[in-house]
$ cat input_21.cif   # mmCIF, C-alpha atoms (C1' of nucleotides)
data_coords
loop_
_atom_site.label_atom_id
_atom_site.label_comp_id
_atom_site.auth_asym_id
_atom_site.auth_seq_id
_atom_site.Cartn_x
_atom_site.Cartn_y
_atom_site.Cartn_z
CA MET A 1 47.71 -11.84 -252.02
CA PHE A 2 45.52 -13.18 -254.77
CA ARG A 3 41.89 -12.12 -255.09
CA GLY A 4 39.08 -12.25 -257.57
CA ALA A 5 37.36 -14.60 -259.99
CA ASN A 6 38.64 -14.84 -263.55
CA LYS A 7 37.19 -16.66 -266.49
CA VAL A 8 40.01 -18.40 -268.31
CA THR A 9 40.23 -20.80 -271.23
CA LEU A 10 42.28 -23.94 -271.70
CA ASP A 11 43.49 -24.48 -275.23
CA ALA A 12 43.76 -27.82 -276.98
CA LYS A 13 47.13 -28.52 -275.41
CA GLY A 14 45.92 -27.83 -271.89
CA ARG A 15 47.57 -24.44 -271.58
CA LEU A 16 46.06 -21.74 -269.40
CA ALA A 17 46.95 -18.05 -269.73
CA MET A 18 47.47 -16.60 -266.26
CA PRO A 19 45.63 -13.23 -266.09
CA THR A 20 48.19 -10.47 -266.52
CA ARG A 21 47.51 -8.74 -263.24
CA TYR A 22 48.89 -11.76 -261.32
CA ARG A 23 51.92 -12.44 -263.47
CA GLU A 24 54.28 -9.88 -262.06
CA ARG A 25 53.53 -10.96 -258.51
CA ILE A 26 54.06 -14.61 -259.38
CA VAL A 27 57.36 -13.91 -261.08
CA GLU A 28 58.73 -11.82 -258.24
CA ARG A 29 57.48 -14.23 -255.62
CA SER A 30 58.63 -17.52 -257.10
CA ASN A 31 60.32 -16.72 -260.40
CA GLY A 32 57.22 -17.99 -262.19
CA ARG A 33 57.23 -21.37 -260.51
CA LEU A 34 53.91 -22.75 -259.30
CA ILE A 35 52.57 -25.99 -257.88
CA ALA A 36 49.17 -27.39 -258.75
CA THR A 37 47.52 -30.13 -256.74
CA VAL A 38 44.05 -31.46 -256.05
CA ASP A 39 41.66 -30.23 -253.43
CA ARG A 40 40.79 -33.03 -251.07
CA ALA A 41 37.14 -32.08 -250.70
CA ASP A 42 36.03 -30.61 -254.02
CA ARG A 43 36.75 -31.40 -257.62
CA CYS A 44 38.98 -28.43 -258.14
CA LEU A 45 42.70 -27.73 -258.30
CA LEU A 46 44.80 -25.67 -255.91
CA ILE A 47 47.62 -23.59 -257.37
CA TYR A 48 50.34 -22.23 -255.09
CA PRO A 49 53.46 -20.20 -255.72
CA LEU A 50 56.34 -22.57 -255.04
CA PRO A 51 57.45 -21.08 -251.69
CA GLU A 52 53.92 -21.15 -250.32
CA TRP A 53 53.61 -24.77 -251.31
CA GLU A 54 56.90 -25.74 -249.77
CA GLU A 55 55.70 -24.64 -246.35
CA ILE A 56 52.63 -26.79 -246.71
CA GLU A 57 54.56 -29.75 -247.98
CA LEU A 58 56.87 -29.50 -245.01
CA LYS A 59 53.92 -29.59 -242.62
CA LEU A 60 52.46 -32.58 -244.42
CA ARG A 61 55.71 -34.49 -244.46
CA ARG A 62 56.20 -34.10 -240.75
CA LEU A 63 52.99 -36.02 -240.08
CA PRO A 64 53.50 -39.58 -238.81
CA THR A 65 53.81 -42.05 -241.69
CA LEU A 66 52.02 -44.80 -239.84
CA ASN A 67 48.84 -42.76 -239.30
CA PRO A 68 46.37 -43.68 -242.04
CA VAL A 69 44.61 -40.31 -242.12
CA ALA A 70 47.92 -38.51 -242.47
CA ARG A 71 49.06 -40.95 -245.10
CA ARG A 72 45.94 -40.36 -247.11
CA LEU A 73 46.41 -36.61 -247.03
CA GLN A 74 50.01 -36.97 -248.11
CA ARG A 75 49.12 -39.23 -250.97
CA LEU A 76 46.41 -36.96 -252.23
CA MET A 77 48.18 -33.64 -251.88
CA ILE A 78 51.87 -34.37 -252.32
CA GLY A 79 51.07 -37.24 -254.64
CA HIS A 80 49.23 -34.98 -257.05
CA ALA A 81 51.43 -31.91 -256.66
CA THR A 82 52.83 -30.97 -260.04
CA ASP A 83 55.49 -28.38 -260.84
CA LEU A 84 54.32 -25.74 -263.28
CA GLU A 85 56.15 -22.82 -264.81
CA LEU A 86 54.95 -19.72 -266.59
CA ASP A 87 56.07 -20.00 -270.22
CA GLY A 88 57.17 -17.15 -272.42
CA SER A 89 53.55 -16.11 -272.93
CA GLY A 90 52.59 -16.24 -269.25
CA ARG A 91 50.82 -19.56 -269.58
CA ILE A 92 50.98 -22.73 -267.51
CA LEU A 93 50.56 -26.22 -268.88
CA LEU A 94 48.20 -28.43 -266.89
CA PRO A 95 48.92 -32.15 -267.17
CA PRO A 96 46.07 -34.37 -268.35
CA SER A 97 45.68 -36.12 -265.00
CA LEU A 98 44.91 -32.89 -263.15
CA ARG A 99 42.66 -31.63 -265.92
CA GLU A 100 40.78 -34.86 -265.67
CA TYR A 101 40.50 -34.72 -261.90
CA ALA A 102 38.86 -31.32 -261.94
CA ALA A 103 36.77 -32.16 -265.02
CA LEU A 104 38.23 -29.13 -266.77
CA SER A 105 36.90 -28.49 -270.24
CA ARG A 106 37.54 -25.39 -272.28
CA THR A 107 36.34 -22.65 -269.97
CA ALA A 108 37.33 -22.56 -266.33
CA MET A 109 37.27 -20.19 -263.38
CA LEU A 110 40.46 -19.14 -261.66
CA ILE A 111 39.67 -17.95 -258.15
CA GLY A 112 42.11 -15.95 -256.06
CA GLN A 113 42.18 -17.28 -252.49
CA GLY A 114 44.89 -15.41 -250.66
CA ASN A 115 48.06 -17.45 -250.85
CA ARG A 116 46.74 -19.68 -253.62
CA PHE A 117 44.36 -19.97 -256.54
CA GLU A 118 41.56 -22.41 -257.03
CA LEU A 119 40.79 -23.61 -260.51
CA TRP A 120 37.30 -24.86 -261.26
CA ASP A 121 35.51 -26.02 -264.33
CA GLU A 122 33.16 -23.16 -265.07
CA GLY A 123 30.02 -25.26 -264.85
CA LEU A 124 31.02 -26.82 -261.55
CA TRP A 125 31.92 -23.44 -260.11
CA ASN A 126 28.56 -21.94 -260.95
CA ALA A 127 26.66 -24.94 -259.67
CA ASN A 128 28.57 -24.97 -256.40
CA ARG A 129 28.25 -21.26 -255.89
CA ASP A 130 24.49 -21.42 -256.32
CA GLN A 131 24.48 -24.26 -253.84
CA TRP A 132 26.43 -22.27 -251.28
CA LEU A 133 24.06 -19.37 -251.59
CA LYS A 134 21.03 -21.54 -250.98
CA VAL A 135 22.26 -22.99 -247.72
CA ASP A 136 20.57 -21.41 -244.75
CA GLU A 137 23.41 -20.35 -242.54
CA ALA A 138 21.14 -19.91 -239.55
CA ALA A 139 20.21 -23.56 -239.61
CA GLU A 140 23.81 -24.63 -239.33
CA GLU A 141 25.85 -25.43 -236.32
CA LEU A 142 28.66 -22.85 -236.20
CA PRO A 143 32.06 -24.09 -235.09
CA PRO A 144 33.60 -21.95 -232.33
CA GLU A 145 36.11 -20.32 -234.70
CA LEU A 146 33.18 -18.84 -236.62
CA ALA A 147 30.87 -17.94 -233.78
CA THR A 148 32.65 -14.69 -233.03
CA LEU A 149 33.62 -13.80 -236.56
CA SER A 150 32.86 -10.28 -237.63
CA LEU A 151 32.87 -9.47 -241.31
CA MET B 1 61.98 -33.69 -253.11
CA PHE B 2 59.70 -35.87 -255.17
CA ARG B 3 56.09 -35.03 -255.87
CA GLY B 4 53.42 -35.60 -258.47
CA ALA B 5 51.65 -38.48 -260.13
CA ASN B 6 53.05 -40.01 -263.29
CA LYS B 7 51.57 -42.63 -265.52
CA VAL B 8 54.31 -45.05 -266.47
CA THR B 9 54.42 -48.30 -268.42
CA LEU B 10 56.28 -51.50 -267.74
CA ASP B 11 57.54 -53.17 -270.88
CA ALA B 12 57.69 -56.91 -271.48
CA LYS B 13 61.00 -57.15 -269.66
CA GLY B 14 59.69 -55.40 -266.55
CA ARG B 15 61.54 -52.17 -267.24
CA LEU B 16 60.13 -48.84 -266.08
CA ALA B 17 61.25 -45.51 -267.53
CA MET B 18 61.78 -43.00 -264.72
CA PRO B 19 60.18 -39.69 -265.79
CA THR B 20 62.96 -37.35 -266.90
CA ARG B 21 62.20 -34.60 -264.45
CA TYR B 22 63.33 -36.87 -261.58
CA ARG B 23 66.39 -38.38 -263.21
CA GLU B 24 68.85 -35.61 -262.62
CA ARG B 25 67.93 -35.43 -258.95
CA ILE B 26 68.27 -39.17 -258.54
CA VAL B 27 71.65 -39.25 -260.19
CA GLU B 28 73.08 -36.40 -258.13
CA ARG B 29 71.59 -37.74 -254.92
CA SER B 30 72.56 -41.38 -255.19
CA ASN B 31 74.39 -41.80 -258.48
CA GLY B 32 71.29 -43.49 -259.89
CA ARG B 33 71.06 -46.12 -257.19
CA LEU B 34 67.62 -46.86 -255.76
CA ILE B 35 66.02 -49.35 -253.38
CA ALA B 36 62.58 -50.81 -253.93
CA THR B 37 60.62 -52.58 -251.22
CA VAL B 38 57.04 -53.35 -250.30
CA ASP B 39 54.63 -51.13 -248.42
CA ARG B 40 53.52 -52.61 -245.14
CA ALA B 41 49.89 -51.58 -245.50
CA ASP B 42 49.03 -51.35 -249.18
CA ARG B 43 49.78 -53.36 -252.27
CA CYS B 44 52.29 -50.94 -253.61
CA LEU B 45 56.05 -50.59 -253.80
CA LEU B 46 58.22 -47.97 -252.14
CA ILE B 47 61.23 -46.68 -254.03
CA TYR B 48 63.95 -44.75 -252.20
CA PRO B 49 67.23 -43.21 -253.29
CA LEU B 50 69.91 -45.33 -251.65
CA PRO B 51 70.97 -42.81 -248.97
CA GLU B 52 67.37 -42.23 -247.89
CA TRP B 53 66.85 -45.95 -247.60
CA GLU B 54 69.95 -46.43 -245.53
CA GLU B 55 68.59 -44.07 -242.89
CA ILE B 56 65.34 -45.96 -242.79
CA GLU B 57 67.04 -49.31 -242.61
CA LEU B 58 69.05 -48.04 -239.67
CA LYS B 59 65.88 -46.94 -237.88
CA LEU B 60 64.28 -50.29 -238.54
CA ARG B 61 67.26 -52.25 -237.33
CA ARG B 62 67.32 -50.31 -234.09
CA LEU B 63 63.82 -51.49 -233.23
CA PRO B 64 63.65 -54.11 -230.46
CA THR B 65 64.10 -57.55 -232.00
CA LEU B 66 61.82 -59.21 -229.49
CA ASN B 67 58.82 -57.06 -230.35
CA PRO B 68 56.74 -59.01 -232.85
CA VAL B 69 55.37 -55.92 -234.59
CA ALA B 70 58.87 -54.56 -235.08
CA ARG B 71 60.06 -57.94 -236.26
CA ARG B 72 57.30 -58.10 -238.82
CA LEU B 73 58.15 -54.63 -240.14
CA GLN B 74 61.80 -55.57 -240.45
CA ARG B 75 61.05 -58.77 -242.30
CA LEU B 76 58.69 -57.08 -244.71
CA MET B 77 60.69 -53.99 -245.47
CA ILE B 78 64.30 -55.07 -245.19
CA GLY B 79 63.47 -58.53 -246.44
CA HIS B 80 62.02 -57.25 -249.70
CA ALA B 81 64.46 -54.41 -250.28
CA THR B 82 66.02 -54.74 -253.71
CA ASP B 83 68.85 -52.73 -255.25
CA LEU B 84 67.93 -51.02 -258.50
CA GLU B 85 69.98 -48.87 -260.80
CA LEU B 86 69.04 -46.45 -263.56
CA ASP B 87 70.27 -47.90 -266.85
CA GLY B 88 71.61 -45.91 -269.78
CA SER B 89 68.09 -44.95 -270.83
CA GLY B 90 66.98 -43.86 -267.35
CA ARG B 91 65.02 -47.03 -266.70
CA ILE B 92 64.93 -49.39 -263.72
CA LEU B 93 64.34 -53.12 -263.89
CA LEU B 94 61.78 -54.43 -261.41
CA PRO B 95 62.26 -58.05 -260.36
CA PRO B 96 59.28 -60.36 -260.90
CA SER B 97 58.67 -60.89 -257.18
CA LEU B 98 58.07 -57.20 -256.53
CA ARG B 99 56.01 -56.83 -259.68
CA GLU B 100 53.87 -59.65 -258.46
CA TYR B 101 53.49 -58.25 -254.94
CA ALA B 102 52.10 -54.97 -256.22
CA ALA B 103 50.04 -56.66 -258.95
CA LEU B 104 51.75 -54.52 -261.54
CA SER B 105 50.56 -54.99 -265.07
CA ARG B 106 51.45 -52.82 -268.01
CA THR B 107 50.39 -49.39 -266.83
CA ALA B 108 51.28 -48.15 -263.37
CA MET B 109 51.31 -44.90 -261.40
CA LEU B 110 54.51 -43.53 -259.95
CA ILE B 111 53.68 -41.19 -257.07
CA GLY B 112 56.20 -38.76 -255.60
CA GLN B 113 56.02 -38.75 -251.79
CA GLY B 114 58.82 -36.52 -250.59
CA ASN B 115 61.83 -38.69 -249.93
CA ARG B 116 60.45 -41.66 -251.85
CA PHE B 117 58.18 -42.82 -254.64
CA GLU B 118 55.23 -45.12 -254.43
CA LEU B 119 54.50 -47.39 -257.35
CA TRP B 120 50.93 -48.59 -257.83
CA ASP B 121 49.14 -50.58 -260.42
CA GLU B 122 47.05 -48.00 -262.20
CA GLY B 123 43.73 -49.64 -261.43
CA LEU B 124 44.53 -50.04 -257.75
CA TRP B 125 45.69 -46.45 -257.48
CA ASN B 126 42.54 -45.07 -259.01
CA ALA B 127 40.31 -47.28 -256.91
CA ASN B 128 42.10 -46.32 -253.70
CA ARG B 129 42.17 -42.65 -254.54
CA ASP B 130 38.45 -42.53 -255.18
CA GLN B 131 37.98 -44.29 -251.88
CA TRP B 132 40.09 -41.74 -250.01
CA LEU B 133 38.17 -38.89 -251.58
CA LYS B 134 34.83 -40.28 -250.52
CA VAL B 135 35.71 -40.39 -246.86
CA ASP B 136 34.28 -37.49 -244.94
CA GLU B 137 37.19 -36.02 -243.06
CA ALA B 138 34.93 -34.31 -240.58
CA ALA B 139 33.49 -37.61 -239.47
CA GLU B 140 36.90 -38.89 -238.52
CA GLU B 141 38.95 -38.62 -235.44
CA LEU B 142 41.69 -36.19 -236.43
CA PRO B 143 45.10 -36.69 -234.87
CA PRO B 144 46.27 -33.56 -233.04
CA GLU B 145 48.87 -32.81 -235.70
CA LEU B 146 46.09 -32.44 -238.24
CA ALA B 147 43.49 -30.59 -236.24
CA THR B 148 45.13 -27.21 -236.71
CA LEU B 149 46.59 -27.79 -240.14
CA SER B 150 45.93 -24.94 -242.53
CA LEU B 151 46.36 -25.55 -246.20
"C1'" DC C 1 42.28 5.83 -286.22
"C1'" DG C 2 46.64 3.77 -284.83
"C1'" DG C 3 49.59 1.44 -281.55
"C1'" DG C 4 50.32 -1.75 -278.07
"C1'" DC C 5 49.14 -5.34 -275.05
"C1'" DG C 6 46.97 -9.62 -273.93
"C1'" DG C 7 44.97 -13.75 -275.47
"C1'" DT C 8 45.10 -17.66 -278.76
"C1'" DG C 9 46.67 -20.93 -281.92
"C1'" DG C 10 49.85 -23.57 -284.57
"C1'" DG C 11 54.19 -25.39 -286.34
"C1'" DA C 12 58.83 -27.21 -285.93
"C1'" DA C 13 62.60 -28.93 -283.38
"C1'" DA C 14 64.31 -31.20 -279.56
"C1'" DT C 15 63.55 -34.54 -276.15
"C1'" DT C 16 61.59 -38.65 -274.18
"C1'" DG C 17 59.44 -43.09 -274.15
"C1'" DT C 18 59.34 -47.62 -276.11
"C1'" DG C 19 60.72 -51.65 -278.28
"C1'" DG C 20 63.87 -54.80 -280.14
"C1'" DG C 21 68.28 -56.91 -281.09
"C1'" DA C 22 72.74 -58.46 -280.08
"C1'" DA C 23 76.33 -59.57 -276.98
"C1'" DT C 24 77.63 -61.25 -272.53
"C1'" DC C 25 77.17 -63.60 -268.33
"C1'" DG C 26 75.77 -67.48 -265.54
"C1'" DG C 27 74.03 -71.89 -264.80
"C1'" DT C 28 73.29 -76.68 -266.00
"C1'" DG C 29 73.91 -81.02 -267.95
"C1'" DG C 30 76.57 -84.07 -270.54
"C1'" DC D 1 85.84 -79.54 -268.15
"C1'" DC D 2 83.38 -78.15 -271.99
"C1'" DA D 3 79.31 -77.02 -274.55
"C1'" DC D 4 74.90 -75.44 -274.80
"C1'" DC D 5 70.88 -73.02 -273.30
"C1'" DG D 6 68.61 -69.41 -270.93
"C1'" DA D 7 68.51 -65.11 -268.81
"C1'" DT D 8 70.13 -60.62 -268.27
"C1'" DT D 9 72.26 -56.41 -269.66
"C1'" DC D 10 73.68 -53.10 -272.74
"C1'" DC D 11 72.94 -50.42 -276.79
"C1'" DC D 12 70.72 -48.51 -280.69
"C1'" DA D 13 66.80 -46.85 -283.52
"C1'" DC D 14 62.25 -45.35 -284.24
"C1'" DA D 15 57.98 -43.06 -282.96
"C1'" DA D 16 55.38 -40.10 -280.14
"C1'" DT D 17 55.27 -36.50 -277.24
"C1'" DT D 18 56.58 -32.27 -275.36
"C1'" DT D 19 58.48 -27.84 -275.43
"C1'" DC D 20 59.70 -23.77 -277.39
"C1'" DC D 21 58.98 -20.06 -280.40
"C1'" DC D 22 56.61 -17.20 -283.57
"C1'" DA D 23 52.56 -15.17 -285.80
"C1'" DC D 24 47.94 -13.74 -285.81
"C1'" DC D 25 43.84 -11.52 -284.02
"C1'" DG D 26 41.02 -8.71 -281.27
"C1'" DC D 27 40.40 -5.38 -277.91
"C1'" DC D 28 41.41 -1.41 -275.29
"C1'" DC D 29 43.46 2.89 -274.78
"C1'" DG D 30 45.62 6.82 -276.25
#
$ encode --input "input_21.cif" --output "structure tokens"
Amino acid sequence: MFRGANKVTLDAKGRLAMPTRYRERIVERSNGRLIATVDRADRCLLIYPLPEWEEIELKLRRLPTLNPVARRLQRLMIGHATDLELDGSGRILLPPSLREYAALSRTAMLIGQGNRFELWDEGLWNANRDQWLKVDEAAEELPPELATLSL
Amino acid sequence: MFRGANKVTLDAKGRLAMPTRYRERIVERSNGRLIATVDRADRCLLIYPLPEWEEIELKLRRLPTLNPVARRLQRLMIGHATDLELDGSGRILLPPSLREYAALSRTAMLIGQGNRFELWDEGLWNANRDQWLKVDEAAEELPPELATLSL
DNA sequence: CGGGCGGTGGGAAATTGTGGGAATCGGTGG
DNA sequence: CCACCGATTCCCACAATTTCCCACCGCCCG
């Protein structure tokens, strides 16, 4: 499982050095193969080890093609899913289109989220995090899955 | 399986270079033979490896001939299906009628969607994608297949 | 203080994308 | 039936991009 927030830098060619502590796990899990795609709600990227992604892709592909909501999800997620591979230096190369989508400049945040990573532009990450902290949870309607949650 | 978004260009002759990462798979799957047809809902083209298309054509042909919706689907999809073949440089030649249908100008987006590709004019793709992102998923009626989907 | 590891950058070679030209095929009109 | 014109297909060459590899630098730890 992936955890933690890491400040990372993209070089001029769009390469991102995966923090060392994750590398071994990524290599043993998927031989260094990852998939990056866009998040459908926020301007950030999702990065999965290949086997994790394949499960998700399977679920998405089983959805009915004629349903417009399903079709939209497929187009966004499968349509933007890009194969990545750790290079000899433990870096991945992010294609320009994904960099653009997430407004990634030089410094970014790589956030461990269990079976995947999220990659945010550093500025966006900080802004959003501050936002999340400000929201008054008590004022919100809790969906039933959360009502009984104990942390 | 095909995934990812690729910016491609059509040259003056209507030729489109298939990104290299897909070529090998296309050749081994269908010996370089593809079928292009129109999408029933959007102004884009669908491109299938020949064997994938043959399954779909079979499904379409089994639909009841007297049902007008089925009839319309058959006419659109089978009626516009065009044989394409990768040339020596890994390019396909799109006939003018299909180019016109999808309003393809010089730069287009080739979107991997599992067993097929979608080909969009770049401007249309971007406009539609932004549209899809704006929609608030929560406000929509989710089909049961999606309600429990965990990504 | 020295060695090693992780992060960063850059350069060179291989590969891919793009365009153009020439030959061939097909169609049409004389 | 032949000749000519147009369109298509095949092939080659150049340019740009990508990928791979190596070297440097700084930091941390021993």
$ residues_around --input "input_21.cif" --residues "Met77 in chain A" --least-positions-apart "6" --cutoff "8 Å" --atoms "all atoms listed in the file" --output "NGL selection string"
:A and (37-40)
$ calpha_fit_and_write --input "input_21.cif" --fixed "chain B" --moving "chain A" --output "CSV table (one decimal) with C-alpha atoms, in the frame of the given file"
chain,number,residue,atom,x,y,z
A,1,MET,CA,62.0,-33.5,-253.4
A,2,PHE,CA,59.8,-35.6,-255.6
A,3,ARG,CA,56.3,-34.5,-256.6
A,4,GLY,CA,53.6,-35.4,-259.0
A,5,ALA,CA,51.8,-38.3,-260.6
A,6,ASN,CA,53.2,-39.9,-263.7
A,7,LYS,CA,51.7,-42.6,-265.8
A,8,VAL,CA,54.5,-45.1,-266.7
A,9,THR,CA,54.6,-48.4,-268.5
A,10,LEU,CA,56.4,-51.6,-267.6
A,11,ASP,CA,57.7,-53.5,-270.6
A,12,ALA,CA,57.7,-57.3,-271.0
A,13,LYS,CA,60.9,-57.6,-269.0
A,14,GLY,CA,59.6,-55.6,-266.1
A,15,ARG,CA,61.6,-52.4,-266.9
A,16,LEU,CA,60.2,-49.0,-266.0
A,17,ALA,CA,61.5,-45.8,-267.6
A,18,MET,CA,62.0,-43.2,-264.9
A,19,PRO,CA,60.4,-39.9,-266.1
A,20,THR,CA,63.2,-37.6,-267.3
A,21,ARG,CA,62.6,-34.8,-264.9
A,22,TYR,CA,63.6,-37.0,-262.0
A,23,ARG,CA,66.6,-38.6,-263.5
A,24,GLU,CA,69.1,-35.9,-262.9
A,25,ARG,CA,68.1,-35.5,-259.3
A,26,ILE,CA,68.4,-39.2,-258.7
A,27,VAL,CA,71.8,-39.4,-260.3
A,28,GLU,CA,73.2,-36.5,-258.3
A,29,ARG,CA,71.6,-37.7,-255.1
A,30,SER,CA,72.6,-41.4,-255.2
A,31,ASN,CA,74.5,-42.0,-258.4
A,32,GLY,CA,71.3,-43.6,-259.9
A,33,ARG,CA,71.0,-46.1,-257.1
A,34,LEU,CA,67.5,-46.7,-255.7
A,35,ILE,CA,65.8,-49.1,-253.3
A,36,ALA,CA,62.3,-50.5,-253.8
A,37,THR,CA,60.4,-52.2,-251.1
A,38,VAL,CA,56.8,-52.9,-250.2
A,39,ASP,CA,54.4,-50.7,-248.4
A,40,ARG,CA,53.1,-52.3,-245.3
A,41,ALA,CA,49.6,-51.1,-245.6
A,42,ASP,CA,48.8,-50.8,-249.3
A,43,ARG,CA,49.6,-53.0,-252.3
A,44,CYS,CA,52.1,-50.6,-253.7
A,45,LEU,CA,55.8,-50.2,-253.8
A,46,LEU,CA,58.0,-47.6,-252.2
A,47,ILE,CA,61.1,-46.4,-254.1
A,48,TYR,CA,63.8,-44.4,-252.2
A,49,PRO,CA,67.1,-43.0,-253.3
A,50,LEU,CA,69.7,-45.1,-251.6
A,51,PRO,CA,70.8,-42.6,-249.0
A,52,GLU,CA,67.2,-41.9,-247.9
A,53,TRP,CA,66.7,-45.6,-247.6
A,54,GLU,CA,69.8,-46.2,-245.5
A,55,GLU,CA,68.5,-43.8,-242.8
A,56,ILE,CA,65.3,-45.7,-242.6
A,57,GLU,CA,67.0,-49.1,-242.6
A,58,LEU,CA,69.2,-47.9,-239.7
A,59,LYS,CA,66.1,-46.9,-237.7
A,60,LEU,CA,64.5,-50.2,-238.4
A,61,ARG,CA,67.6,-52.2,-237.5
A,62,ARG,CA,67.9,-50.5,-234.2
A,63,LEU,CA,64.5,-51.8,-233.1
A,64,PRO,CA,64.6,-54.7,-230.6
A,65,THR,CA,64.9,-58.1,-232.3
A,66,LEU,CA,62.7,-59.8,-229.7
A,67,ASN,CA,59.7,-57.5,-230.2
A,68,PRO,CA,57.3,-59.2,-232.6
A,69,VAL,CA,55.9,-56.0,-234.0
A,70,ALA,CA,59.4,-54.7,-234.8
A,71,ARG,CA,60.4,-58.0,-236.2
A,72,ARG,CA,57.4,-58.0,-238.5
A,73,LEU,CA,58.2,-54.5,-239.8
A,74,GLN,CA,61.8,-55.5,-240.4
A,75,ARG,CA,60.9,-58.6,-242.3
A,76,LEU,CA,58.4,-56.8,-244.5
A,77,MET,CA,60.5,-53.7,-245.2
A,78,ILE,CA,64.1,-54.8,-245.1
A,79,GLY,CA,63.1,-58.2,-246.3
A,80,HIS,CA,61.6,-56.9,-249.5
A,81,ALA,CA,64.1,-54.1,-250.1
A,82,THR,CA,65.7,-54.5,-253.4
A,83,ASP,CA,68.6,-52.6,-254.9
A,84,LEU,CA,67.8,-51.0,-258.3
A,85,GLU,CA,70.0,-49.0,-260.6
A,86,LEU,CA,69.1,-46.7,-263.5
A,87,ASP,CA,70.4,-48.4,-266.7
A,88,GLY,CA,71.8,-46.6,-269.7
A,89,SER,CA,68.3,-45.6,-270.8
A,90,GLY,CA,67.2,-44.3,-267.4
A,91,ARG,CA,65.2,-47.4,-266.6
A,92,ILE,CA,64.9,-49.6,-263.5
A,93,LEU,CA,64.3,-53.3,-263.6
A,94,LEU,CA,61.6,-54.4,-261.1
A,95,PRO,CA,62.0,-58.0,-259.9
A,96,PRO,CA,59.0,-60.3,-260.4
A,97,SER,CA,58.4,-60.7,-256.7
A,98,LEU,CA,57.8,-56.9,-256.2
A,99,ARG,CA,55.8,-56.7,-259.4
A,100,GLU,CA,53.6,-59.4,-258.1
A,101,TYR,CA,53.2,-57.9,-254.7
A,102,ALA,CA,51.9,-54.6,-256.1
A,103,ALA,CA,49.8,-56.4,-258.8
A,104,LEU,CA,51.7,-54.4,-261.5
A,105,SER,CA,50.5,-55.0,-265.0
A,106,ARG,CA,51.6,-52.9,-268.0
A,107,THR,CA,50.5,-49.4,-266.9
A,108,ALA,CA,51.3,-48.0,-263.5
A,109,MET,CA,51.4,-44.7,-261.7
A,110,LEU,CA,54.5,-43.4,-260.2
A,111,ILE,CA,53.7,-40.9,-257.4
A,112,GLY,CA,56.2,-38.4,-256.1
A,113,GLN,CA,56.0,-38.3,-252.3
A,114,GLY,CA,58.8,-36.1,-251.0
A,115,ASN,CA,61.8,-38.3,-250.2
A,116,ARG,CA,60.4,-41.3,-252.1
A,117,PHE,CA,58.1,-42.5,-254.9
A,118,GLU,CA,55.1,-44.7,-254.6
A,119,LEU,CA,54.4,-47.1,-257.5
A,120,TRP,CA,50.9,-48.3,-258.0
A,121,ASP,CA,49.1,-50.4,-260.5
A,122,GLU,CA,47.1,-47.9,-262.4
A,123,GLY,CA,43.7,-49.5,-261.7
A,124,LEU,CA,44.5,-49.8,-258.0
A,125,TRP,CA,45.6,-46.2,-257.8
A,126,ASN,CA,42.4,-44.9,-259.4
A,127,ALA,CA,40.2,-47.1,-257.3
A,128,ASN,CA,42.0,-46.0,-254.1
A,129,ARG,CA,41.9,-42.4,-255.0
A,130,ASP,CA,38.2,-42.4,-255.6
A,131,GLN,CA,37.8,-44.1,-252.3
A,132,TRP,CA,39.8,-41.5,-250.5
A,133,LEU,CA,37.8,-38.7,-252.0
A,134,LYS,CA,34.5,-40.3,-250.9
A,135,VAL,CA,35.5,-40.5,-247.2
A,136,ASP,CA,33.8,-37.8,-245.2
A,137,GLU,CA,36.6,-36.2,-243.3
A,138,ALA,CA,34.3,-34.6,-240.9
A,139,ALA,CA,33.0,-37.9,-239.7
A,140,GLU,CA,36.5,-39.0,-238.7
A,141,GLU,CA,38.3,-38.8,-235.5
A,142,LEU,CA,41.3,-36.6,-236.1
A,143,PRO,CA,44.5,-37.5,-234.4
A,144,PRO,CA,46.1,-34.6,-232.5
A,145,GLU,CA,48.9,-34.2,-235.1
A,146,LEU,CA,46.2,-33.3,-237.6
A,147,ALA,CA,43.9,-31.3,-235.5
A,148,THR,CA,45.9,-28.1,-235.9
A,149,LEU,CA,47.1,-28.6,-239.4
A,150,SER,CA,46.7,-25.7,-241.7
A,151,LEU,CA,47.0,-26.3,-245.4
$ atom_distance --input "input_21.cif" --atom1 "C1' of DC20 in chain D" --atom2 "CA of Glu85 in chain A"
13.1 Å
$ resolve_selection --input "input_21.cif" --expression "the PyMOL selection byres ((chain B and resi 23) around 12)" --output "list in words"
Met1, Phe2, Ala17, Met18, Pro19, Thr20, Arg21, Tyr22, Glu24, Arg25, Ile26, Val27, Glu28, Arg29, Ser30, Asn31, Gly32, Arg33, Leu34, Pro49, Glu85, Leu86, Asp87, Gly88, Ser89, Gly90, Arg91 and Ile92 of chain B; DT16 of chain C
$ resolve_selection --input "input_21.cif" --expression "the PyMOL selection byres ((chain D and resi 15) around 9)" --output "PyMOL selection string"
(chain C and resi 17-18) or (chain D and resi 14+16)
$ closest_atom_pairs --input "input_21.cif" --of "chain C" --to "chain A" --cutoff "9 Å" --atoms "all atoms listed in the file" --output "Markdown table"
| residue | atom | partner | partner_atom | distance |
| --- | --- | --- | --- | --- |
| C:DG6 | C1' | A:Thr20 | CA | 7.6 |
| C:DG7 | C1' | A:Ala17 | CA | 7.4 |
| C:DT8 | C1' | A:Asp11 | CA | 7.8 |
| C:DG9 | C1' | A:Asp11 | CA | 8.2 |
$ closest_atom_pairs --input "input_21.cif" --of "chain D" --to "chain A" --cutoff "12 Å" --atoms "only C-alpha atoms (C1' of nucleotides)" --output "JSON lines"
{"residue": "D:DT17", "atom": "C1'", "partner": "A:Lys13", "partner_atom": "CA", "distance": 11.5}
{"residue": "D:DT18", "atom": "C1'", "partner": "A:Lys13", "partner_atom": "CA", "distance": 10.2}
{"residue": "D:DT19", "atom": "C1'", "partner": "A:Asp87", "partner_atom": "CA", "distance": 9.7}
{"residue": "D:DC20", "atom": "C1'", "partner": "A:Gly88", "partner_atom": "CA", "distance": 8.7}
{"residue": "D:DC21", "atom": "C1'", "partner": "A:Gly88", "partner_atom": "CA", "distance": 8.7}
{"residue": "D:DC22", "atom": "C1'", "partner": "A:Ser89", "partner_atom": "CA", "distance": 11.1}
